[in-house]
Structure formats: C-alpha cells, structure tokens
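What follows is the content of model.txt, which has compact mmCIF, C-alpha atoms:
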# COMPACT_ATOMS: atom_id res chain seq x y z
CA MET A 1002 82.72 98.04 164.12
CA THR A 1003 83.68 101.13 162.21
CA VAL A 1004 86.36 100.99 159.51
CA PRO A 1005 89.17 102.77 161.47
CA ILE A 1006 88.79 100.31 164.36
CA ARG A 1007 88.97 97.35 161.99
CA PHE A 1008 92.20 98.87 160.65
CA LEU A 1009 93.61 99.00 164.21
CA LEU A 1010 92.54 95.40 164.69
CA TYR A 1011 94.45 94.19 161.64
CA ILE A 1012 97.59 95.97 162.83
CA ASN A 1013 97.18 94.35 166.23
CA ILE A 1014 96.86 90.89 164.71
CA LEU A 1015 99.90 91.52 162.52
CA LEU A 1016 102.00 92.61 165.52
CA LEU A 1017 100.80 89.63 167.51
CA THR A 1018 101.82 87.12 164.85
CA ILE A 1019 105.29 88.70 164.71
CA THR A 1020 105.81 88.50 168.49
CA MET A 1021 104.51 84.92 168.51
CA SER A 1022 107.12 83.59 166.08
CA ALA A 1023 109.84 82.67 168.59
CA GLN A 1024 107.70 80.78 171.13
CA ASP A 1025 108.55 77.12 170.62
CA ILE A 1026 112.35 77.23 170.88
CA ASP A 1027 112.57 77.55 174.68
CA THR A 1028 111.40 74.07 175.77
CA VAL A 1029 114.13 72.25 173.83
CA ALA A 1030 116.84 74.74 174.88
CA THR A 1031 116.09 74.54 178.63
CA GLN A 1032 115.96 70.71 178.51
CA LYS A 1033 119.40 70.59 176.95
CA GLU A 1034 120.67 73.03 179.60
CA ARG A 1035 119.48 70.79 182.41
CA LEU A 1036 121.20 67.70 180.97
CA THR A 1037 124.63 69.27 180.37
CA ASP A 1038 124.84 71.84 183.14
CA THR A 1039 126.26 70.57 186.45
CA VAL A 1040 126.77 73.93 188.06
CA ILE A 1041 124.07 74.90 190.53
CA ALA A 1042 121.76 77.20 188.63
CA VAL A 1043 121.81 80.78 189.84
CA LYS A 1044 118.36 82.28 189.79
CA THR A 1045 118.32 85.66 188.07
CA PRO A 1046 116.38 88.10 190.27
CA GLU A 1047 112.98 88.98 188.86
CA ARG A 1048 111.75 92.52 188.89
CA TYR A 1049 108.77 93.26 191.12
CA GLY A 1050 106.99 96.54 191.01
CA LEU A 1051 103.97 98.53 190.00
CA ARG A 1052 103.21 98.61 186.29
CA VAL A 1053 101.03 101.52 185.15
CA GLY A 1054 99.97 102.77 181.77
CA VAL A 1055 97.17 103.68 179.40
CA ASP A 1056 94.94 101.89 176.94
CA LEU A 1057 96.02 103.16 173.52
CA SER A 1058 93.01 101.68 171.73
CA LYS A 1059 90.65 103.99 173.59
CA ILE A 1060 92.79 107.01 172.76
CA ALA A 1061 92.86 106.01 169.11
CA ARG A 1062 89.14 105.35 169.06
CA SER A 1063 88.45 108.78 170.59
CA ALA A 1064 90.35 110.33 167.70
CA PHE A 1065 88.73 108.29 164.90
CA ASP A 1066 85.24 107.61 166.20
CA ASP A 1067 82.97 110.66 166.45
CA SER A 1068 80.53 108.86 168.69
CA TYR A 1069 83.12 107.86 171.31
CA LYS A 1070 85.36 109.57 173.81
CA GLY A 1071 87.19 107.60 176.44
CA ILE A 1072 90.40 106.95 178.24
CA SER A 1073 91.53 104.36 180.70
CA VAL A 1074 94.47 103.77 183.00
CA VAL A 1075 95.60 100.17 183.48
CA GLY A 1076 97.98 98.72 185.95
CA ASP A 1077 99.17 95.62 187.67
CA PHE A 1078 101.26 94.65 190.63
CA ARG A 1079 103.23 91.44 190.87
CA ILE A 1080 102.60 89.57 194.11
CA LYS A 1081 104.16 86.18 193.32
CA ASN A 1082 106.28 84.79 190.51
CA ASN A 1083 103.39 84.31 188.10
CA TYR A 1084 100.57 86.11 189.86
CA TYR A 1085 99.59 89.73 189.49
CA LEU A 1086 96.98 92.02 190.97
CA ALA A 1087 95.46 94.01 188.14
CA ALA A 1088 93.06 96.92 187.80
CA GLU A 1089 91.70 99.34 185.26
CA LEU A 1090 90.07 102.76 185.72
CA GLY A 1091 88.34 104.54 182.89
CA THR A 1092 85.75 107.07 181.76
CA GLU A 1093 83.74 106.94 178.56
CA THR A 1094 81.19 108.99 176.65
CA LYS A 1095 79.30 107.14 173.94
CA ASP A 1096 76.62 108.30 171.51
CA ALA A 1097 74.25 105.47 170.71
CA PHE A 1098 72.43 105.92 167.39
CA GLU A 1099 69.60 103.41 167.29
CA ASN A 1100 66.84 102.83 164.73
CA THR A 1101 64.28 105.10 166.34
CA PHE A 1102 66.20 107.06 168.97
CA ASP A 1103 69.52 108.67 169.95
CA ALA A 1104 71.03 108.58 173.39
CA THR A 1105 74.31 109.66 175.00
CA ILE A 1106 75.85 107.62 177.79
CA LYS A 1107 78.48 109.15 180.04
CA GLY A 1108 80.20 107.50 182.99
CA SER A 1109 83.19 105.85 184.56
CA TYR A 1110 84.17 102.37 185.60
CA ILE A 1111 86.67 100.31 187.53
CA THR A 1112 87.72 96.69 187.14
CA ALA A 1113 89.97 94.81 189.51
CA GLY A 1114 91.24 91.26 189.71
CA PHE A 1115 94.12 88.88 189.14
CA ASN A 1116 96.29 87.83 186.23
CA TYR A 1117 98.10 84.52 185.90
CA ASN A 1118 101.14 84.44 183.66
CA ALA A 1119 101.34 81.15 181.77
CA TYR A 1120 104.51 82.03 179.89
CA GLU A 1121 107.88 80.72 181.03
CA ASN A 1122 110.34 83.52 180.38
CA TRP A 1123 113.91 83.10 179.26
CA THR A 1124 116.49 84.35 181.77
CA GLY A 1125 116.36 88.08 182.18
CA MET A 1126 113.21 88.48 180.10
CA SER A 1127 109.89 89.52 181.39
CA ASN A 1128 106.96 88.91 179.06
CA LEU A 1129 103.50 87.71 179.80
CA ILE A 1130 100.92 85.53 178.19
CA TYR A 1131 98.22 85.68 180.76
CA ALA A 1132 94.71 84.80 181.73
CA GLY A 1133 92.94 87.01 184.22
CA VAL A 1134 89.67 87.52 186.02
CA ARG A 1135 88.08 90.80 186.96
CA ALA A 1136 85.09 92.21 188.73
CA GLY A 1137 83.84 95.43 187.17
CA TYR A 1138 81.55 98.24 188.29
CA SER A 1139 80.35 101.35 186.49
CA THR A 1140 78.24 104.38 187.34
CA PHE A 1141 76.85 106.44 184.50
CA THR A 1142 74.06 108.68 183.22
CA THR A 1143 72.05 108.32 180.04
CA ASP A 1144 70.53 111.22 178.11
CA LEU A 1145 67.77 110.26 175.69
CA ASN A 1146 68.14 113.00 173.08
CA ASN A 1147 65.22 112.28 170.78
CA TYR A 1148 62.96 109.37 169.91
CA THR A 1149 60.24 108.47 167.43
CA ILE A 1150 57.17 106.48 168.43
CA TYR A 1151 57.19 103.19 166.53
CA THR A 1152 54.09 102.54 164.42
CA THR A 1153 53.47 99.96 161.70
CA ASN A 1154 51.64 102.39 159.40
CA THR A 1155 52.19 105.82 157.84
CA PHE A 1156 48.64 107.08 158.24
CA PHE A 1157 49.80 109.94 160.47
CA GLU A 1158 53.09 111.79 160.26
CA PRO A 1159 55.92 110.38 162.46
CA ASP A 1160 55.68 111.38 166.10
CA VAL A 1161 59.18 112.62 166.97
CA ARG A 1162 59.81 113.67 170.55
CA GLU A 1163 62.76 116.01 170.87
CA GLU A 1164 62.91 116.94 174.52
CA THR A 1165 66.02 115.45 176.15
CA LEU A 1166 65.25 113.06 179.00
CA SER A 1167 68.05 112.48 181.52
CA PHE A 1168 68.41 109.34 183.57
CA ASP A 1169 70.91 109.57 186.44
CA ALA A 1170 72.44 107.26 189.01
CA LEU A 1171 72.55 104.23 186.72
CA SER A 1172 75.02 101.47 187.38
CA GLY A 1173 76.18 98.08 186.25
CA ALA A 1174 78.31 95.28 187.70
CA TRP A 1175 79.93 92.43 185.82
CA LEU A 1176 82.50 89.65 185.88
CA GLU A 1177 85.19 89.51 183.28
CA VAL A 1178 87.73 87.04 181.92
CA GLN A 1179 90.72 88.56 180.21
CA LEU A 1180 93.28 86.91 177.93
CA GLY A 1181 96.31 88.89 176.94
CA VAL A 1182 99.94 89.31 176.07
CA GLN A 1183 102.40 91.80 177.48
CA ALA A 1184 105.73 92.15 175.70
CA GLU A 1185 108.64 94.13 177.09
CA LEU A 1186 109.82 96.55 174.43
CA PHE A 1187 112.84 97.87 176.27
CA SER A 1188 113.84 98.82 179.84
CA ASN A 1189 110.58 98.37 181.72
CA LEU A 1190 108.28 99.56 178.92
CA TYR A 1191 105.60 97.05 177.93
CA LEU A 1192 103.18 96.79 175.05
CA GLY A 1193 100.12 94.69 175.71
CA ILE A 1194 97.08 93.43 173.91
CA ASN A 1195 94.08 91.69 175.45
CA VAL A 1196 90.54 90.52 174.83
CA GLN A 1197 87.82 90.52 177.44
CA LEU A 1198 84.73 88.40 177.83
CA LYS A 1199 82.20 89.85 180.21
CA SER A 1200 79.06 88.68 181.93
CA LEU A 1201 76.66 91.22 183.38
CA VAL A 1202 75.77 90.41 186.98
CA SER A 1203 73.44 93.28 187.80
CA GLN A 1204 72.39 96.65 186.41
CA LYS A 1205 70.30 99.56 187.56
CA GLU A 1206 68.07 100.42 184.63
CA PRO A 1207 66.48 103.80 183.93
CA GLU A 1208 62.76 103.98 184.63
CA GLY A 1209 60.73 103.71 181.44
CA PHE A 1210 63.88 103.13 179.37
CA GLY A 1211 66.75 100.65 179.16
CA ASN A 1212 70.52 100.47 179.29
CA LEU A 1213 72.13 100.52 175.86
CA TYR A 1214 75.76 100.82 176.85
CA ILE A 1215 77.63 100.53 180.12
CA PRO A 1216 81.10 102.13 180.31
CA GLY A 1217 83.64 99.35 180.73
CA PHE A 1218 81.12 96.66 179.80
CA ASN A 1219 80.31 98.07 176.35
CA LYS A 1220 77.10 97.30 174.47
CA VAL A 1221 74.26 95.80 176.47
CA THR A 1222 72.30 93.36 174.33
CA THR A 1223 68.59 92.75 174.72
CA ASP A 1224 68.48 89.00 175.11
CA ASN A 1225 71.70 87.95 176.82
CA LYS A 1226 74.02 89.17 179.56
CA PHE A 1227 77.36 88.72 177.75
CA GLY A 1228 79.64 91.42 176.47
CA ALA A 1229 83.11 91.75 175.05
CA GLY A 1230 85.95 94.19 174.81
CA TYR A 1231 89.59 94.52 173.95
CA GLY A 1232 92.57 96.64 174.91
CA TYR A 1233 95.90 97.72 173.55
CA THR A 1234 98.05 98.95 176.41
CA LEU A 1235 101.33 100.76 176.87
CA THR A 1236 102.62 100.42 180.42
CA TYR A 1237 105.74 101.19 182.40
CA LEU A 1238 107.06 98.99 185.21
CA ILE A 1239 108.18 101.04 188.19
CA PRO A 1240 110.59 98.61 189.85
CA ILE A 1241 110.29 98.35 193.62
CA TYR A 1242 112.33 95.30 194.51
CA LYS A 1243 113.94 92.19 193.11
CA LYS A 1244 113.30 88.63 194.26
CA MET B 1310 100.43 74.32 176.77
CA LEU B 1311 98.26 76.81 178.58
CA LYS B 1312 100.06 79.71 177.00
CA LYS B 1313 99.42 78.34 173.49
CA TYR B 1314 95.77 77.97 174.38
CA ILE B 1315 95.66 81.53 175.63
CA LEU B 1316 97.40 82.84 172.52
CA GLY B 1317 95.08 80.95 170.21
CA SER B 1318 91.98 82.13 172.01
CA LEU B 1319 93.32 85.67 172.10
CA LEU B 1320 93.70 85.81 168.33
CA PHE B 1321 90.37 84.15 167.69
CA LEU B 1322 88.45 86.38 170.08
CA LEU B 1323 90.18 89.54 168.83
CA ALA B 1324 88.96 88.75 165.33
CA LEU B 1325 85.48 88.02 166.65
CA SER B 1326 85.25 91.25 168.65
CA ALA B 1327 84.29 93.04 165.43
CA CYS B 1328 81.04 91.12 165.25
CA GLU B 1329 77.90 93.03 166.08
CA ARG B 1330 74.44 91.71 165.53
CA ASP B 1331 72.02 93.81 163.51
CA ASP B 1332 69.15 94.82 165.68
CA ILE B 1333 65.90 94.81 163.75
CA CYS B 1334 62.51 95.21 165.31
CA ALA B 1335 60.87 91.81 164.78
CA ALA B 1336 57.49 91.90 163.05
CA SER B 1337 56.14 89.68 165.81
CA THR B 1338 57.00 92.21 168.52
CA PRO B 1339 53.88 94.08 169.60
CA THR B 1340 54.26 97.79 168.90
CA THR B 1341 51.81 100.69 168.94
CA PRO B 1342 48.37 99.02 168.66
CA GLN B 1343 45.64 100.10 166.30
CA LEU B 1344 42.01 100.66 167.19
CA VAL B 1345 39.83 97.73 166.13
CA ILE B 1346 36.17 98.43 165.37
CA ALA B 1347 33.54 95.74 164.79
CA PHE B 1348 30.22 96.43 163.05
CA PHE B 1349 26.86 95.04 164.18
CA ASP B 1350 23.28 95.07 162.98
CA GLN B 1351 20.93 97.65 164.55
CA ASP B 1352 18.08 95.13 164.49
CA ASN B 1353 20.14 92.44 166.24
CA ARG B 1354 23.02 93.93 168.15
CA THR B 1355 24.94 90.67 168.59
CA GLN B 1356 24.87 89.95 164.86
CA SER B 1357 27.86 91.16 162.81
CA LYS B 1358 26.90 93.22 159.81
CA PRO B 1359 29.40 93.76 157.00
CA ILE B 1360 29.96 97.27 155.66
CA ASN B 1361 31.68 99.13 152.82
CA LEU B 1362 33.62 101.88 154.52
CA ALA B 1363 36.18 104.57 153.78
CA VAL B 1364 37.90 106.23 156.75
CA ASN B 1365 40.05 109.34 156.70
CA ALA B 1366 41.35 111.50 159.53
CA VAL B 1367 39.85 114.99 159.64
CA GLY B 1368 42.26 117.10 157.64
CA GLY B 1369 44.19 114.07 156.39
CA ASP B 1370 44.52 112.64 152.87
CA GLU B 1371 45.11 108.95 153.47
CA ILE B 1372 42.09 106.68 153.38
CA ILE B 1373 41.60 103.23 154.88
CA ARG B 1374 38.99 101.14 153.07
CA ILE B 1375 37.16 97.92 153.77
CA ASP B 1376 34.86 96.17 151.29
CA ASN B 1377 32.00 94.16 152.76
CA ASP B 1378 33.91 93.38 155.95
CA THR B 1379 32.85 93.35 159.60
CA ILE B 1380 36.10 94.62 161.17
CA ILE B 1381 38.31 97.62 160.50
CA ARG B 1382 41.65 98.57 162.05
CA ILE B 1383 42.59 102.25 162.22
CA PRO B 1384 45.52 103.98 163.93
CA LEU B 1385 45.04 106.65 166.57
CA ARG B 1386 47.25 109.70 166.92
CA THR B 1387 50.09 109.21 169.40
CA ASP B 1388 50.92 112.87 169.94
CA THR B 1389 47.52 114.17 171.14
CA THR B 1390 44.74 112.76 173.28
CA SER B 1391 42.03 112.75 170.64
CA THR B 1392 41.61 111.84 166.98
CA SER B 1393 38.65 112.66 164.74
CA PHE B 1394 37.74 110.63 161.66
CA ILE B 1395 35.20 110.84 158.86
CA PHE B 1396 33.59 107.42 158.34
CA THR B 1397 31.94 107.24 154.92
CA LYS B 1398 29.54 104.31 154.46
CA ASN B 1399 29.17 102.90 150.93
CA PRO B 1400 31.71 105.35 149.48
CA GLY B 1401 31.27 106.00 145.75
CA ILE B 1402 28.12 103.85 145.67
CA PRO B 1403 25.28 106.35 145.10
CA ASP B 1404 22.69 103.63 144.43
CA ALA B 1405 23.30 101.57 147.58
CA GLU B 1406 20.25 100.14 149.36
CA GLU B 1407 20.97 101.93 152.62
CA ASP B 1408 23.07 104.99 153.44
CA PRO B 1409 24.60 105.58 149.99
CA ASP B 1410 27.86 107.57 150.18
CA THR B 1411 26.98 108.80 153.65
CA PRO B 1412 29.62 110.34 155.95
CA ASP B 1413 29.62 110.42 159.73
CA ARG B 1414 32.12 111.98 162.09
CA VAL B 1415 33.59 110.03 165.00
CA THR B 1416 35.90 111.48 167.65
CA PHE B 1417 37.94 109.23 169.93
CA SER B 1418 39.43 110.58 173.17
CA TYR B 1419 41.97 108.72 175.29
CA ASN B 1420 45.08 108.81 177.48
CA ILE B 1421 48.51 108.06 176.07
CA ASN B 1422 51.17 105.90 177.75
CA GLU B 1423 54.70 105.71 176.35
CA VAL B 1424 56.28 102.31 176.72
CA TYR B 1425 59.89 101.36 175.95
CA ILE B 1426 60.14 98.04 174.07
CA ASP B 1427 63.86 97.47 173.44
CA ARG B 1428 66.79 99.04 171.58
CA ALA B 1429 65.67 97.70 168.19
CA CYS B 1430 62.04 98.86 168.35
CA GLY B 1431 62.37 101.87 170.62
CA PHE B 1432 59.15 103.29 172.05
CA LYS B 1433 55.50 102.46 171.49
CA VAL B 1434 52.29 104.03 172.78
CA THR B 1435 49.37 102.30 174.45
CA TYR B 1436 46.00 103.91 175.11
CA ASN B 1437 43.50 103.83 177.95
CA ALA B 1438 40.36 105.60 179.17
CA LEU B 1439 39.01 105.46 175.62
CA THR B 1440 35.75 107.25 174.82
CA ALA B 1441 34.02 107.66 171.48
CA GLN B 1442 31.50 110.16 170.16
CA ALA B 1443 29.63 110.10 166.90
CA SER B 1444 28.41 113.41 165.54
CA GLY B 1445 26.86 114.02 162.15
CA GLU B 1446 28.89 115.19 159.19
CA GLY B 1447 27.04 117.45 156.74
CA ASP B 1448 23.53 116.06 156.68
CA GLY B 1449 24.68 112.48 156.82
CA ARG B 1450 24.28 110.15 159.78
CA TRP B 1451 24.42 106.35 159.46
CA ILE B 1452 25.81 105.28 162.85
CA THR B 1453 22.97 104.21 165.12
CA ASP B 1454 25.16 103.70 168.16
CA ILE B 1455 28.81 103.48 169.11
CA SER B 1456 30.04 101.77 172.28
CA ILE B 1457 33.33 100.91 173.96
CA ASN B 1458 33.95 97.24 174.63
CA ASN B 1459 37.41 97.76 176.11
CA SER B 1460 38.67 101.20 177.09
CA THR B 1461 42.30 99.99 177.28
CA ILE B 1462 44.14 99.41 174.03
CA ILE B 1463 47.40 97.49 174.40
CA ASN B 1464 47.10 95.14 171.43
CA ASP B 1465 44.96 94.87 168.31
CA SER B 1466 43.95 91.23 168.52
CA THR B 1467 40.26 91.81 169.38
CA TYR B 1468 37.91 94.72 168.83
CA GLN B 1469 37.64 97.48 171.42
CA VAL B 1470 34.80 99.48 169.85
CA SER B 1471 31.52 98.39 168.29
CA ILE B 1472 29.45 100.42 165.86
CA ILE B 1473 25.78 99.64 165.29
CA HIS B 1474 24.31 100.53 161.92

Output the structure of this file as structure tokens.
Amino acid sequence: MTVPIRFLLYINILLLTITMSAQDIDTVATQKERLTDTVIAVKTPERYGLRVGVDLSKIARSAFDDSYKGISVVGDFRIKNNYYLAAELGTETKDAFENTFDATIKGSYITAGFNYNAYENWTGMSNLIYAGVRAGYSTFTTDLNNYTIYTTNTFFEPDVREETLSFDALSGAWLEVQLGVQAELFSNLYLGINVQLKSLVSQKEPEGFGNLYIPGFNKVTTDNKFGAGYGYTLTYLIPIYKK
Amino acid sequence: MLKKYILGSLLFLLALSACERDDICAASTPTTPQLVIAFFDQDNRTQSKPINLAVNAVGGDEIIRIDNDTIIRIPLRTDTTSTSFIFTKNPGIPDAEEDPDTPDRVTFSYNINEVYIDRACGFKVTYNALTAQASGEGDGRWITDISINNSTIINDSTYQVSIIH
C-alpha cells in the first residue's frame, strides 16, 4: 500500500475507536428500563428509505495515487428491521507496474447483496454495525503496454517489446463478505467504513496473458482465489416511510 | 455479542488490508530455456568427448567458456529467428594436440513462441523447428558434424543438439 493510503487507514482506525467508545452502556440501561417501567412501551417509528452515497476512499485514492482512478456509488434499502438490500456500482482504471511488464486495466463492476445489522440502536438512533454478503461481477479491458522477455543471463541485450497489446471482453465474478459500520452524523447523513473479503468464482482471462487486477475485486493473485478491499462511505438516507 | 465480533474483525481486517505479498520470480520456475549442446567423438559417435571451448555471438563481446567438459549451455536470441555463434576449440592453447585455437561458425535457426508465466516472472520464450548449420570461420573448421536431437526447446534439462568432433 502506498504511503497516502496508509495515512487514510490510520485516520479511519482513529475515527472508529472514537465511535466505538460508547457501545457497552446500552445493555445495562435497557435492562433497568424494563424492570422499572410499567407503562406499555411505545415503539418509536424507524425510518425506512433508500440510502445512497459515494465511496470517499476511492475519490481520495484517485487524488493521491497516480496509478489509480476510480469512483463508486453505494446504496442500501431497508426491507426489514435489521435487514437491508445493498449494492455498489463503480468504475476503475488501474496501472499495474510489475517486475517485467506494465499493463493498464480499465473497467466497471457491480456488487449486490444483503446486510444484517447486529447493532441494537437506542431510541431514535439509527446506526449500523453490520455483516453483509455480496455477489460481484466486473467487465474490463487490459492493455499490455510493454514487456521484457525474462532470461536468466545477460548474454544478449534485454528484449523489450513496446507494442501495446489490447485484451477486450474480460470479466470476473466473485462472492464477497463485508463487515462494516455506518454512523449517522446528523439528519439522515451517514458515514460508513467497511472491509471486504472476496473469493473469485470465475474469470475470463486474456489469451496468452493473465488477469492482474479486476475492478471491484482488486488484485488477482497467482496462487489463490481470495481478495480483499475496503470502503469509506458517505451516504444520505432518502426517507420513504416510517414503520 | 455479534456486533462486538464484527467490530473486532473490522478493525483487524482493516489493518491487514495493507498487506501485499512481494511477488518474486522463483528460481525454480522454468523461464526462457537455453540451448544445450553435447559433444561426441567422431570415431565413436555415442561416446562423449570433452572439449575446451569459447563461444561468443557474432558481433558480441561476452564469451561463454567450458574447460574439458562434454556439455555447454548457451542462450539463443529471443527477438529474431536466428543466432550465429563463433565456437573456438582449445582457445588460447596454440600447442593443443588437435585443433589448437580453431574457430568455427554455427548458425541456429528457429521459431519463437512467447509464453506468459505469471505476474512475477512475466513472459518467456520457447523455441521450435530448430535447425543448425556449421560453416567455416577463417580457415578453421573443427566440427565434423552437427545434428539436432530435439527441435523443440522448452527446457534446458537435456541436450537438444550434438556436435561431433
């Protein structure tokens, strides 16, 4: 990871530890309430609606990282008290600088799935600590910009090929588990942070070459099908009804 | 309880997401193979005959040497379909019993195939349809015969060309 991204990461962890500080008080408080309160509890209506926003980490990375340009739109829709439909749409352009070759990957992706909110909110509050699953799919192209033939001796001068080779109609599909937090800042505006663990299900590889990076899935490793990612989201809840 | 588990994992995995393994091309991974030549006796063509040899590419400076050995490994060019070498037998030994300091020219012609290995190693080249031709160099000529054992070169574990001298 490059230095600016590590900087972002430390800020994220700092913010997370601050928002985590008030977690344990609620269990004791609600127990006490149940023992002393004899009035029938009135259920405060929960807000249901469509939450939409952007992934700030990708915007920041596009500004700091010369080899990356990307943006994604995230959203979720509450269907039951603790269950949400969730999706993400994004496009990315990534320059991969490897030992003996350079390539540029350009494409877009979509992930869709469900989130389960494990956090019991205080009355009137609406925060999430959630676990989610997603299915993801990406279509992309890879341009091999230049490459050097690998030899174990220096008898001849290095054979550098500079003609760009383009590989189109590549794709990848994966399953993803997401863990995250969404905190309501004020009136329907949420700040979220999440980590993603991905498992590549299938990929269409370029002929005579390989996939280095799949938008949405990130780096494709040679010997295993797992990948990872993270997100830092700012979303707005468009309220539709209350239940 | 679940939410604490999620929070803990979230922090842990966030910290881990900076990890990236260094991709290095392992020395055991087969890459562009070299040409392997074995030397045999002209009086008994199945008998290996050791040789003192210096090999340089025509127009090149670097020399590959073997001293009293029966096998030599030399690279072939990956950017064109033929490579010419000067093979000097008994180099710098003017009082050798046979062929003292004698050069000979050998030209190898072949097809090139580019093969992608992986992201760490990149691309290698394999060769096929190999042919070899020995032609004199100056007034020297020590190679009695040159023959192709295997016209496809994908690894350098066994010899593909034999030279009789």

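The neighbours of Glu1371 of chain B here are the residues that come within 9 Å of it, using only C-alpha atoms and leaving out any residue fewer than 3 positions away in the same chain; they are Thr1155, Phe1156 and Phe1157 of chain A; Val1364, Asn1365 and Ala1366 of chain B.
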
Hey, which bits of chain B sit within 8 Å of chain A, and for each residue what's the closest pair of atoms and how far apart in Å (one decimal), counting all atoms listed in the file, rows by chain and increasing number, as a Markdown table?
| residue | atom | partner | partner_atom | distance |
| --- | --- | --- | --- | --- |
| B:Leu1311 | CA | A:Ala1119 | CA | 6.2 |
| B:Lys1312 | CA | A:Ala1119 | CA | 5.1 |
| B:Ile1315 | CA | A:Leu1180 | CA | 6.3 |
| B:Leu1316 | CA | A:Ile1130 | CA | 7.2 |
| B:Ser1318 | CA | A:Leu1180 | CA | 7.7 |
| B:Leu1319 | CA | A:Leu1180 | CA | 6.0 |
| B:Leu1320 | CA | A:Ile1014 | CA | 7.0 |
| B:Leu1322 | CA | A:Val1196 | CA | 6.6 |
| B:Leu1323 | CA | A:Val1196 | CA | 6.1 |
| B:Ala1324 | CA | A:Leu1010 | CA | 7.6 |
| B:Ser1326 | CA | A:Ala1229 | CA | 6.8 |
| B:Ala1327 | CA | A:Met1002 | CA | 5.4 |
| B:Cys1328 | CA | A:Met1002 | CA | 7.2 |
| B:Glu1329 | CA | A:Met1002 | CA | 7.2 |
| B:Thr1340 | CA | A:Thr1152 | CA | 6.5 |
| B:Thr1341 | CA | A:Thr1152 | CA | 5.4 |
| B:Pro1342 | CA | A:Thr1152 | CA | 7.9 |
| B:Glu1371 | CA | A:Phe1156 | CA | 6.2 |
| B:Pro1384 | CA | A:Phe1156 | CA | 7.2 |
| B:Arg1386 | CA | A:Phe1157 | CA | 6.9 |
| B:Thr1387 | CA | A:Asp1160 | CA | 6.8 |
| B:Asp1388 | CA | A:Asp1160 | CA | 6.3 |
| B:Val1424 | CA | A:Gly1209 | CA | 6.6 |
| B:Tyr1425 | CA | A:Phe1210 | CA | 5.5 |
| B:Asp1427 | CA | A:Thr1223 | CA | 6.8 |
| B:Arg1428 | CA | A:Glu1099 | CA | 6.7 |
| B:Ala1429 | CA | A:Asn1100 | CA | 6.3 |
| B:Cys1430 | CA | A:Tyr1151 | CA | 6.8 |
| B:Gly1431 | CA | A:Thr1101 | CA | 5.7 |
| B:Phe1432 | CA | A:Ile1150 | CA | 5.2 |
| B:Lys1433 | CA | A:Tyr1151 | CA | 5.3 |
| B:Val1434 | CA | A:Ile1150 | CA | 7.0 |

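Here atom CA of Pro1400 of chain B and atom CA of Ile1360 of chain B stand 10.3 Å from one another.
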
> So which residues are close to (109.7, 96.9, 193.7), meaning at most 12 Å away in the file's coordinates with all atoms listed in the file counted, and can you show them as an NGL selection string?
Replying inline: :A and (1046-1052 or 1078-1080 or 1238-1244)

With only C-alpha atoms counted and 10 Å as the cut-off, give the residues of segment 1375-1411 of chain B in contact with segment 1457-1468 of chain B, each with its shortest interatomic distance in Å and the pair that gives it, as a tab-separated table.
residue	atom	partner	partner_atom	distance
B:Ile1380	CA	B:Tyr1468	CA	7.9
B:Ile1381	CA	B:Tyr1468	CA	8.8
B:Arg1382	CA	B:Asp1465	CA	8.0
B:Ile1383	CA	B:Asp1465	CA	9.9

Report as a PDB file with C-alpha atoms, in the frame of the given file all protein, DNA and RNA residues lying within 10 Å of Asp1410 of chain B, evaluated on only C-alpha atoms, omitting residues in the same chain fewer than 6 positions from it.
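Result went into around.pdb, see below:
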ATOM      1  CA  ASN B1361      31.680  99.130 152.820  1.00  0.00           C
ATOM      2  CA  LEU B1362      33.620 101.880 154.520  1.00  0.00           C
ATOM      3  CA  ALA B1363      36.180 104.570 153.780  1.00  0.00           C
ATOM      4  CA  PHE B1396      33.590 107.420 158.340  1.00  0.00           C
ATOM      5  CA  THR B1397      31.940 107.240 154.920  1.00  0.00           C
ATOM      6  CA  LYS B1398      29.540 104.310 154.460  1.00  0.00           C
ATOM      7  CA  ASN B1399      29.170 102.900 150.930  1.00  0.00           C
ATOM      8  CA  PRO B1400      31.710 105.350 149.480  1.00  0.00           C
ATOM      9  CA  GLY B1401      31.270 106.000 145.750  1.00  0.00           C
ATOM     10  CA  ILE B1402      28.120 103.850 145.670  1.00  0.00           C
ATOM     11  CA  PRO B1403      25.280 106.350 145.100  1.00  0.00           C
ATOM     12  CA  ASP B1404      22.690 103.630 144.430  1.00  0.00           C
ATOM     13  CA  GLY B1449      24.680 112.480 156.820  1.00  0.00           C
ATOM     14  CA  TRP B1451      24.420 106.350 159.460  1.00  0.00           C
TER      15      TRP B1451
END

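With atom CA of Thr1140 of chain A on one side and atom CA of Gly1193 of chain A on the other, the separation reads 26.6 Å.
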
> Quick one: of A:Thr1142, A:Ser1203, A:Asn1122, A:Thr1112, who's nearest to Glu1185 of chain A, counting only C-alpha atoms?
Replying inline: A:Asn1122

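Within 6 Å of the point (115.7, 89.4, 184.3), counting all atoms listed in the file, the protein and nucleic acid residues come to Thr1045, Glu1047, Thr1124, Gly1125 and Met1126 of chain A.
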
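When all atoms listed in the file are used to measure the gap to Lys1095 of chain A, the shortest distance among A:Gly1114, A:Gly1217, A:Gly1133, A:Pro1207 belongs to A:Gly1217.
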
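Coordinates place atom CA of Ser1444 of chain B at a distance of 16.9 Å from atom CA of Ile1346 of chain B.
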
> Near segment 1069-1072 of chain A, counting all atoms listed in the file, which residues have an atom at most 7 Å away, once you skip same-chain residues fewer than 2 positions from it, shown as a VMD selection string?
Replying inline: chain A and resid 1056 1059 to 1060 1062 to 1063 1066 to 1067 1091 to 1096
